[in-house]
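Peer 1: Data file my_file.txt (compact mmCIF, C-alpha atoms) is appended below.
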```
# COMPACT_ATOMS: atom_id res chain seq x y z
CA MET T 27 0.32 40.90 33.64
CA ILE T 28 3.68 39.27 33.02
CA GLU T 29 5.02 40.76 36.24
CA GLN T 30 2.02 39.47 38.14
CA ILE T 31 2.67 35.94 36.96
CA LYS T 32 6.35 36.23 37.71
CA ALA T 33 5.51 37.38 41.23
CA ALA T 34 3.20 34.42 41.76
CA PHE T 35 5.50 31.85 40.15
CA PRO T 36 9.16 32.76 40.68
CA ASN T 37 10.40 30.09 38.31
CA ALA T 38 8.39 31.44 35.37
CA GLU T 39 10.56 32.05 32.35
CA ASN T 40 9.84 33.93 29.20
CA LYS T 41 10.78 31.75 26.23
CA ASP T 42 8.92 33.63 23.57
CA PHE T 43 10.19 36.33 21.24
CA ASP T 44 7.10 38.49 21.21
CA GLY T 45 6.86 38.35 24.96
CA ASN T 46 3.34 37.03 25.40
CA ARG T 47 4.21 33.49 26.41
CA LEU T 48 5.36 32.29 29.81
CA ASP T 49 6.49 28.81 30.78
CA ILE T 50 6.32 27.57 34.35
CA THR T 51 7.21 24.20 35.80
CA VAL T 52 5.35 22.87 38.81
CA ASN T 53 4.98 19.64 40.76
CA LYS T 54 2.36 17.20 39.61
CA GLU T 55 0.55 17.40 42.97
CA THR T 56 0.02 21.15 42.68
CA ILE T 57 -1.39 21.12 39.15
CA PRO T 58 -5.12 21.44 40.08
CA SER T 59 -4.54 24.32 42.45
CA VAL T 60 -2.19 26.09 40.06
CA LEU T 61 -4.71 25.73 37.23
CA LEU T 62 -7.55 26.98 39.43
CA TYR T 63 -5.45 29.94 40.55
CA ALA T 64 -4.55 30.79 36.97
CA LYS T 65 -8.16 30.51 35.89
CA ASP T 66 -9.85 32.38 38.74
CA LYS T 67 -7.27 34.95 39.78
CA MET T 68 -5.28 35.65 36.64
CA GLY T 69 -7.91 35.47 33.93
CA PHE T 70 -6.59 32.46 32.02
CA ARG T 71 -10.08 31.41 31.15
CA HIS T 72 -9.27 29.12 28.26
CA LEU T 73 -7.49 25.77 28.20
CA SER T 74 -6.24 25.44 24.64
CA HIS T 75 -4.67 22.03 24.82
CA ILE T 76 -2.87 19.51 26.96
CA ALA T 77 0.31 18.57 25.19
CA TYR T 78 2.28 15.49 26.10
CA VAL T 79 5.91 14.48 25.72
CA ASP T 80 7.54 11.13 26.34
CA TRP T 81 10.97 11.60 27.93
CA ILE T 82 11.98 7.98 27.74
CA GLU T 83 15.63 8.61 28.67
CA GLU T 84 14.62 10.24 31.93
CA GLY T 85 11.83 7.79 32.70
CA GLU T 86 9.21 10.50 32.74
CA PHE T 87 6.19 11.81 30.88
CA GLU T 88 5.71 15.54 30.55
CA LEU T 89 2.31 17.17 30.37
CA VAL T 90 1.97 20.78 29.26
CA TYR T 91 -1.25 22.64 30.01
CA LEU T 92 -1.61 25.46 27.50
CA LEU T 93 -3.67 28.30 28.91
CA TRP T 94 -4.76 31.48 27.16
CA SER T 95 -5.95 34.70 28.62
CA PRO T 96 -8.30 36.42 26.16
CA VAL T 97 -8.22 39.68 28.10
CA ASP T 98 -4.47 40.13 28.47
CA LYS T 99 -3.53 38.15 25.32
CA VAL T 100 -1.00 36.10 27.26
CA LYS T 101 -0.20 32.41 26.94
CA LEU T 102 0.74 30.43 30.01
CA PHE T 103 2.33 27.00 29.54
CA ILE T 104 2.33 24.92 32.71
CA HIS T 105 4.77 22.01 32.56
CA THR T 106 4.76 19.03 34.84
CA ARG T 107 6.58 15.72 34.91
CA ILE T 108 5.12 12.40 36.01
CA ASP T 109 6.68 9.04 36.57
CA ARG T 110 6.78 6.77 33.53
CA GLU T 111 6.53 3.51 35.42
CA ASN T 112 3.29 4.29 37.23
CA PRO T 113 1.69 7.12 35.23
CA VAL T 114 -1.23 8.56 37.17
CA MET T 115 -2.35 12.15 36.86
CA GLU T 116 -5.05 14.20 38.53
CA ASN T 117 -8.21 14.60 36.47
CA ILE T 118 -9.00 18.26 35.81
CA ASP T 119 -12.10 18.08 33.64
CA MET T 120 -14.17 19.71 36.39
CA ILE T 121 -12.14 22.86 35.84
CA TRP T 122 -12.45 22.88 32.04
CA ARG T 123 -14.88 20.54 30.33
CA GLN T 124 -12.70 20.28 27.23
CA ALA T 125 -9.93 18.71 29.30
CA ASN T 126 -12.00 15.54 29.21
CA THR T 127 -11.31 15.07 25.51
CA TYR T 128 -7.59 15.68 25.85
CA GLU T 129 -7.31 13.39 28.83
CA ARG T 130 -9.07 10.59 27.05
CA GLU T 131 -6.66 11.01 24.16
CA ILE T 132 -3.66 10.98 26.49
CA LYS T 133 -5.00 7.94 28.30
CA GLU T 134 -5.25 6.06 25.04
CA MET T 135 -2.16 7.27 23.24
CA LEU T 136 0.26 7.41 26.18
CA GLY T 137 -1.35 5.19 28.79
CA ILE T 138 -1.58 7.78 31.58
CA GLU T 139 -4.38 6.98 33.99
CA PHE T 140 -6.76 9.72 35.09
CA PRO T 141 -8.75 8.45 38.09
CA GLY T 142 -12.33 9.64 38.04
CA LEU T 143 -12.39 10.43 34.31
CA VAL T 144 -15.92 10.27 32.93
CA ALA T 145 -16.43 8.16 29.77
CA PRO T 146 -13.20 6.22 30.01
CA ASP T 147 -14.10 3.86 27.16
CA GLU T 148 -12.14 3.72 23.94
CA PHE T 149 -11.86 7.00 22.12
CA ILE T 150 -9.84 6.95 18.89
CA LEU T 151 -8.27 3.52 18.83
CA GLU T 152 -10.64 0.61 18.66
CA ASP T 153 -9.74 -2.95 19.56
CA TRP T 154 -6.31 -1.92 20.70
CA GLU T 155 -4.47 -4.43 22.84
CA ASP T 156 -0.86 -3.39 22.34
CA LEU T 157 1.35 -0.79 23.97
CA PRO T 158 -0.07 2.74 23.69
CA PRO T 159 1.12 3.82 20.26
CA PHE T 160 2.54 7.25 21.09
CA ARG T 161 5.01 5.83 23.57
CA ARG T 162 8.48 6.00 22.18
CA ASP T 163 9.26 2.40 22.99
CA PHE T 164 6.37 1.33 20.74
CA ASP T 165 8.00 0.09 17.53
CA THR T 166 5.60 1.06 14.75
CA LEU T 167 7.24 -0.82 11.91
CA GLU T 168 7.57 -3.96 14.01
CA TYR T 169 3.87 -3.72 14.86
CA VAL T 170 2.98 -3.23 11.18
CA ASN T 171 5.06 -6.23 10.16
CA ARG T 172 3.34 -8.30 12.79
CA THR T 173 -0.23 -7.11 12.12
CA PHE T 174 -0.52 -6.20 8.45
CA TRP T 175 1.04 -7.50 5.27
CA HIS T 176 3.41 -5.93 2.79
CA ARG T 177 2.86 -6.49 -0.87
CA PRO T 178 5.95 -7.93 -2.54
CA GLY T 179 7.61 -5.44 -4.82
CA ARG T 180 8.04 -2.55 -2.46
CA GLU T 181 11.71 -3.40 -2.16
CA ASP T 182 12.02 -2.11 -5.72
CA ALA T 183 11.83 1.41 -4.43
CA GLN T 184 15.59 1.77 -4.29
CA ASP T 185 18.01 4.37 -5.48
CA VAL T 186 18.32 3.65 -9.20
CA ARG T 187 20.46 6.62 -10.16
CA GLU T 188 23.72 4.65 -10.05
CA THR T 189 22.32 2.00 -12.37
CA ILE T 190 21.00 4.61 -14.77
CA ALA T 191 24.29 6.51 -14.70
CA GLU T 192 26.21 3.32 -15.42
CA ARG T 193 23.93 2.36 -18.25
CA SER T 194 23.92 5.73 -19.92
CA GLY T 195 27.58 6.45 -19.27
CA GLU T 196 26.84 9.83 -17.71
CA GLU T 197 27.89 11.08 -14.30
CA ILE T 198 25.46 12.02 -11.57
CA PRO T 199 25.57 15.82 -11.28
CA ASP T 200 26.65 17.44 -8.04
CA PHE T 201 23.26 18.87 -7.17
CA ALA T 202 21.76 15.39 -7.37
CA GLN T 203 24.52 13.79 -5.29
CA LYS T 204 23.48 15.49 -2.09
CA TYR T 205 19.92 14.26 -2.23
CA SER T 206 20.50 10.72 -1.14
CA ARG T 207 17.55 8.45 -0.49
CA MET R 30 -18.01 -21.29 -10.00
CA TYR R 31 -15.33 -18.99 -11.43
CA ASN R 32 -16.76 -18.84 -14.89
CA ASP R 33 -15.06 -17.34 -17.87
CA LYS R 34 -16.29 -16.69 -21.35
CA ASN R 35 -16.08 -20.30 -22.51
CA SER R 36 -18.26 -21.64 -19.76
CA GLN R 37 -20.73 -18.72 -19.67
CA LYS R 38 -24.28 -19.54 -20.52
CA ILE R 39 -26.18 -17.33 -22.94
CA VAL R 40 -28.21 -16.00 -20.04
CA ASP R 41 -25.05 -14.98 -18.24
CA ILE R 42 -23.79 -13.16 -21.31
CA ILE R 43 -26.98 -11.15 -21.57
CA GLN R 44 -27.04 -10.52 -17.83
CA ASN R 45 -23.44 -9.38 -17.76
CA TRP R 46 -23.97 -7.16 -20.79
CA ALA R 47 -26.78 -5.43 -18.94
CA ARG R 48 -24.83 -5.20 -15.71
CA LYS R 49 -21.79 -3.63 -17.28
CA HIS R 50 -23.85 -0.78 -18.68
CA SER R 51 -25.49 0.20 -15.41
CA ILE R 52 -22.79 0.51 -12.79
CA TRP R 53 -24.18 2.18 -9.70
CA VAL R 54 -21.33 3.32 -7.56
CA LEU R 55 -21.23 3.69 -3.84
CA ALA R 56 -18.23 5.92 -3.26
CA TYR R 57 -16.74 5.22 0.13
CA GLY R 58 -14.84 8.47 0.29
CA THR R 59 -12.04 7.78 2.71
CA GLY R 60 -8.71 9.47 2.46
CA CYS R 61 -7.86 11.99 -0.21
CA GLY R 62 -9.18 10.03 -3.21
CA ALA R 63 -12.73 11.28 -2.90
CA ILE R 64 -11.59 14.59 -4.35
CA GLU R 65 -11.18 12.87 -7.73
CA ILE R 66 -14.74 11.57 -7.70
CA ALA R 67 -16.29 14.97 -8.20
CA PRO R 68 -14.57 15.79 -11.53
CA THR R 69 -15.13 12.22 -12.67
CA MET R 70 -18.85 12.45 -12.12
CA THR R 71 -19.46 16.02 -13.19
CA SER R 72 -19.42 17.67 -16.57
CA ARG R 73 -15.67 17.72 -17.29
CA TYR R 74 -15.29 13.94 -17.52
CA ASP R 75 -18.94 12.95 -17.16
CA ALA R 76 -18.75 9.31 -16.18
CA GLU R 77 -22.50 8.96 -16.56
CA ARG R 78 -22.12 8.56 -20.33
CA LEU R 79 -20.59 5.17 -19.50
CA GLY R 80 -23.50 4.28 -17.26
CA ILE R 81 -21.61 5.02 -14.06
CA ARG R 82 -23.82 6.73 -11.52
CA GLY R 83 -23.79 7.33 -7.82
CA ALA R 84 -25.98 5.19 -5.61
CA ALA R 85 -27.60 6.42 -2.45
CA THR R 86 -27.30 3.39 -0.19
CA PRO R 87 -25.26 0.17 -0.14
CA ARG R 88 -28.29 -1.93 -0.98
CA GLN R 89 -28.78 -0.11 -4.28
CA ALA R 90 -25.14 -0.13 -5.33
CA ASP R 91 -23.18 -2.45 -7.59
CA VAL R 92 -19.67 -1.12 -7.10
CA LEU R 93 -17.99 -0.13 -3.88
CA LEU R 94 -15.34 2.44 -4.64
CA VAL R 95 -12.79 2.58 -1.82
CA THR R 96 -10.89 5.78 -2.40
CA GLY R 97 -7.73 5.82 -0.38
CA TYR R 98 -6.17 4.69 2.84
CA LEU R 99 -8.25 2.75 5.34
CA THR R 100 -7.67 2.90 9.03
CA VAL R 101 -8.53 -0.08 11.17
CA LYS R 102 -11.64 1.80 12.18
CA THR R 103 -12.82 2.47 8.64
CA VAL R 104 -12.04 -0.99 7.35
CA LYS R 105 -14.68 -2.33 9.72
CA ARG R 106 -17.25 0.05 8.24
CA VAL R 107 -16.19 -0.88 4.72
CA VAL R 108 -16.67 -4.56 5.51
CA ARG R 109 -20.08 -3.82 6.97
CA VAL R 110 -21.05 -1.78 3.91
CA TYR R 111 -19.79 -4.46 1.57
CA GLU R 112 -21.77 -7.17 3.32
CA GLN R 113 -24.91 -5.05 3.06
CA MET R 114 -24.61 -4.74 -0.70
CA GLN R 115 -26.69 -7.02 -2.84
CA SER R 116 -25.18 -9.27 -5.47
CA PRO R 117 -23.87 -8.58 -8.08
CA LYS R 118 -21.28 -6.50 -6.30
CA TYR R 119 -17.79 -5.42 -7.17
CA ILE R 120 -15.03 -3.48 -5.45
CA ILE R 121 -12.62 -1.02 -6.99
CA GLY R 122 -9.55 -0.20 -4.93
CA PHE R 123 -8.47 3.32 -5.67
CA GLY R 124 -4.99 4.74 -5.23
CA SER R 125 -1.79 3.20 -3.99
CA CYS R 126 -2.92 3.19 -0.37
CA THR R 127 -5.38 0.38 -1.03
CA ILE R 128 -2.79 -1.51 -3.07
CA ASN R 129 0.18 -1.59 -0.74
CA GLY R 130 -0.40 1.01 1.94
CA GLY R 131 1.13 3.81 -0.11
CA MET R 132 2.87 6.44 1.95
CA TYR R 133 1.22 5.06 5.09
CA TYR R 134 2.81 1.62 4.77
CA ASP R 135 4.40 1.84 8.23
CA SER R 136 1.51 3.40 10.10
CA TYR R 137 0.14 1.49 13.04
CA ASN R 138 -3.50 2.23 12.26
CA THR R 139 -3.83 1.98 8.48
CA ILE R 140 -4.05 -1.35 6.73
CA ASN R 141 -1.72 -2.11 3.84
CA LEU R 142 -3.44 -4.67 1.63
CA LEU R 143 -7.15 -4.12 1.11
CA ASP R 144 -7.66 -7.46 -0.64
CA LYS R 145 -6.80 -9.32 2.53
CA TYR R 146 -10.05 -8.09 4.08
CA ILE R 147 -12.47 -7.77 1.16
CA PRO R 148 -12.13 -9.07 -2.41
CA VAL R 149 -11.02 -6.35 -4.81
CA ASP R 150 -11.88 -6.76 -8.48
CA VAL R 151 -9.99 -3.85 -9.98
CA TYR R 152 -7.20 -1.71 -8.61
CA ILE R 153 -6.57 1.77 -9.95
CA ASN R 154 -2.96 2.76 -9.58
CA GLY R 155 -1.80 6.24 -8.69
CA CYS R 156 -1.49 8.71 -5.89
CA MET R 157 -3.96 10.06 -6.71
CA PRO R 158 -5.29 8.57 -9.96
CA ARG R 159 -6.61 11.26 -12.26
CA PRO R 160 -10.19 11.05 -13.55
CA GLU R 161 -8.95 9.50 -16.79
CA ALA R 162 -7.41 6.69 -14.79
CA VAL R 163 -10.59 6.30 -12.80
CA ILE R 164 -12.64 5.95 -15.95
CA GLN R 165 -10.03 3.53 -17.31
CA GLY R 166 -10.54 1.47 -14.17
CA PHE R 167 -14.28 1.44 -14.67
CA VAL R 168 -13.85 0.39 -18.30
CA LYS R 169 -11.60 -2.42 -17.13
CA LEU R 170 -14.26 -3.48 -14.66
CA GLN R 171 -16.85 -3.44 -17.43
CA GLN R 172 -14.61 -5.73 -19.49
CA LEU R 173 -14.23 -8.10 -16.56
CA ILE R 174 -17.98 -8.11 -15.97
CA ALA R 175 -18.66 -8.85 -19.62
CA GLU R 176 -16.18 -11.72 -19.57
CA GLY R 177 -17.68 -13.02 -16.34
CA LYS R 178 -14.39 -12.64 -14.49
CA ALA R 179 -15.43 -10.13 -11.83
CA ASN R 180 -16.13 -12.78 -9.25
CA GLY R 181 -15.16 -11.00 -6.08
CA ALA R 182 -18.42 -11.67 -4.29
CA GLN R 183 -18.20 -15.39 -5.02
CA LYS R 184 -14.59 -15.39 -3.87
CA TYR R 185 -15.64 -13.74 -0.63
CA LEU R 186 -18.26 -16.38 0.01
CA ASP R 187 -15.93 -19.25 -0.86
CA ASN R 188 -13.08 -17.99 1.32
CA LEU R 189 -15.22 -16.47 4.03
CA ALA R 190 -13.31 -18.10 6.88
CA GLU R 191 -10.02 -16.74 5.66
CA TYR R 192 -11.35 -13.21 5.17
CA LYS R 193 -13.00 -13.28 8.58
CA ALA R 194 -9.77 -14.48 10.17
CA ASN R 195 -7.89 -11.59 8.58
CA GLN R 196 -10.53 -9.14 9.79
CA ALA R 197 -10.42 -10.64 13.26
CA LYS R 198 -6.68 -10.15 13.33
CA ILE R 199 -7.07 -6.36 13.34
CA ALA R 200 -10.46 -6.11 15.09
CA PRO R 201 -10.99 -9.09 17.38
CA HIS R 202 -13.68 -7.58 19.60
CA TRP R 203 -15.63 -6.22 16.66
CA ILE R 204 -15.66 -9.54 14.82
CA ALA R 205 -16.90 -11.30 17.94
CA LYS R 206 -19.92 -9.00 18.05
CA ALA R 207 -20.55 -8.71 14.30
CA PRO R 208 -23.56 -10.50 12.76
CA ASP R 209 -22.95 -13.58 10.65
CA TYR R 210 -22.61 -12.99 6.92
CA ASN R 211 -25.00 -15.85 6.19
CA TRP R 212 -27.98 -14.32 7.92
```
Will you turn the file into structure tokens for me?

Peer 2:
Amino acid sequence: MIEQIKAAFPNAENKDFDGNRLDITVNKETIPSVLLYAKDKMGFRHLSHIAYVDWIEEGEFELVYLLWSPVDKVKLFIHTRIDRENPVMENIDMIWRQANTYEREIKEMLGIEFPGLVAPDEFILEDWEDLPPFRRDFDTLEYVNRTFWHRPGREDAQDVRETIAERSGEEIPDFAQKYSR
Amino acid sequence: MYNDKNSQKIVDIIQNWARKHSIWVLAYGTGCGAIEIAPTMTSRYDAERLGIRGAATPRQADVLLVTGYLTVKTVKRVVRVYEQMQSPKYIIGFGSCTINGGMYYDSYNTINLLDKYIPVDVYINGCMPRPEAVIQGFVKLQQLIAEGKANGAQKYLDNLAEYKANQAKIAPHWIAKAPDYNW
């Protein structure tokens, strides 16, 4: 099975220790045909997940389609990169129905558009008007400071060991020194 | 209208005495705190000997027990539940997440201060509070009821505009569609 995949996708690489996982990288345009080929010809009947990574330094998003073949017990991870400025990706929920859920999540959390996605209304976040929260340039603490309140007194949660050591006249033991807060 | 013991009428004293001995609790089991409700209510700690019982619906409940962190989504439901409850009604905030956000203080979708959105009468400290602490919180609430100091519902009515503004800050579209509290 592994050889068959390697013959079909020459850039497939085996990153796993137990040898049942293969990673391939393809263009974003070829994703639907690659997925269909993997599903129909190779027996990867199950789409486990669509994982997403924000490569902010390279100006790209990465989507990883995790496929599983229940017959051959092989995992196939299909990586693709899309532009961060204008993130549009082909909708694949006609191939696997469960892709709809993942794509709605990605649309909300990362802001990638999937043209033709059914039920494109809000999914997890409600009343969200800010940047998609799983983008790395979304500053969570800044958003919290702007939206919610902090109760005074939290700044007490400081490292008090020095004060206690001074007061009691004892030294902080070595094993405690390395656990700084 | 914030009455205390000196300005309570004799009717209020009798009313409050009766109220404090029949606390029907609507446990809004969000977060991890709901796990402490079961031992509190069952035979080990048996909160029913203090008159604390579970209520089936918001309209039959006296106390709303908010047990843990609230996301922006759940805080809307809590507000809706609270507005459905009939007076007299009280709120107990349970665990550090309702007090100051707890370990989720920097999360984009959990609120930090519950009393900005609904009036909290008693906070129970801890992460999580043990059943003893929960019962201590209920006893404290009973004291406040007897002294006529548990005035959260009145506070909510008096400062309705402020509470609604705070709720609208996190859920603008929902507030625009929500029914008026004074229906």

Peer 1: Write out as a PyMOL selection string every residue belonging to chain T that has an atom at most 12 Å from any atom of chain R, counting all atoms listed in the file.

Peer 2: chain T and resi 135+148-160+164-181+183

Peer 1: Using only C-alpha atoms, can you list as JSON, numbers by chain the residues within 9 Å of (-24.2, -10.8, -16.7)?

Peer 2: {"R": [40, 41, 42, 43, 44, 45, 46, 47, 48, 49, 117, 174, 175, 176, 177]}

Peer 1: Between atom CA of T:Pro141 and atom CA of T:Leu61, measure the distance and give it in Å to one decimal.

Peer 2: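 Interatomic distance here is 17.8 Å.
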
Peer 1: Mind listing as a ChimeraX atom specification all residues within 10 Å of (5.5, 15.3, 23.9), counting all atoms listed in the file?

Peer 2: /T:76-81,87-90,136,160-162

Peer 1: Please, what distance in Å, to one decimal, runs between atom CA of T:Ala33 and atom CA of T:Arg123?

Peer 2: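 Between these atoms lies a distance of 28.6 Å.
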
Peer 1: Interatomic distance between atom CA of T:Arg130 and atom CA of R:Lys206?

Peer 2: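 Taking atom CA of T:Arg130 as the start and atom CA of R:Lys206 as the end point, the length is 24.1 Å.
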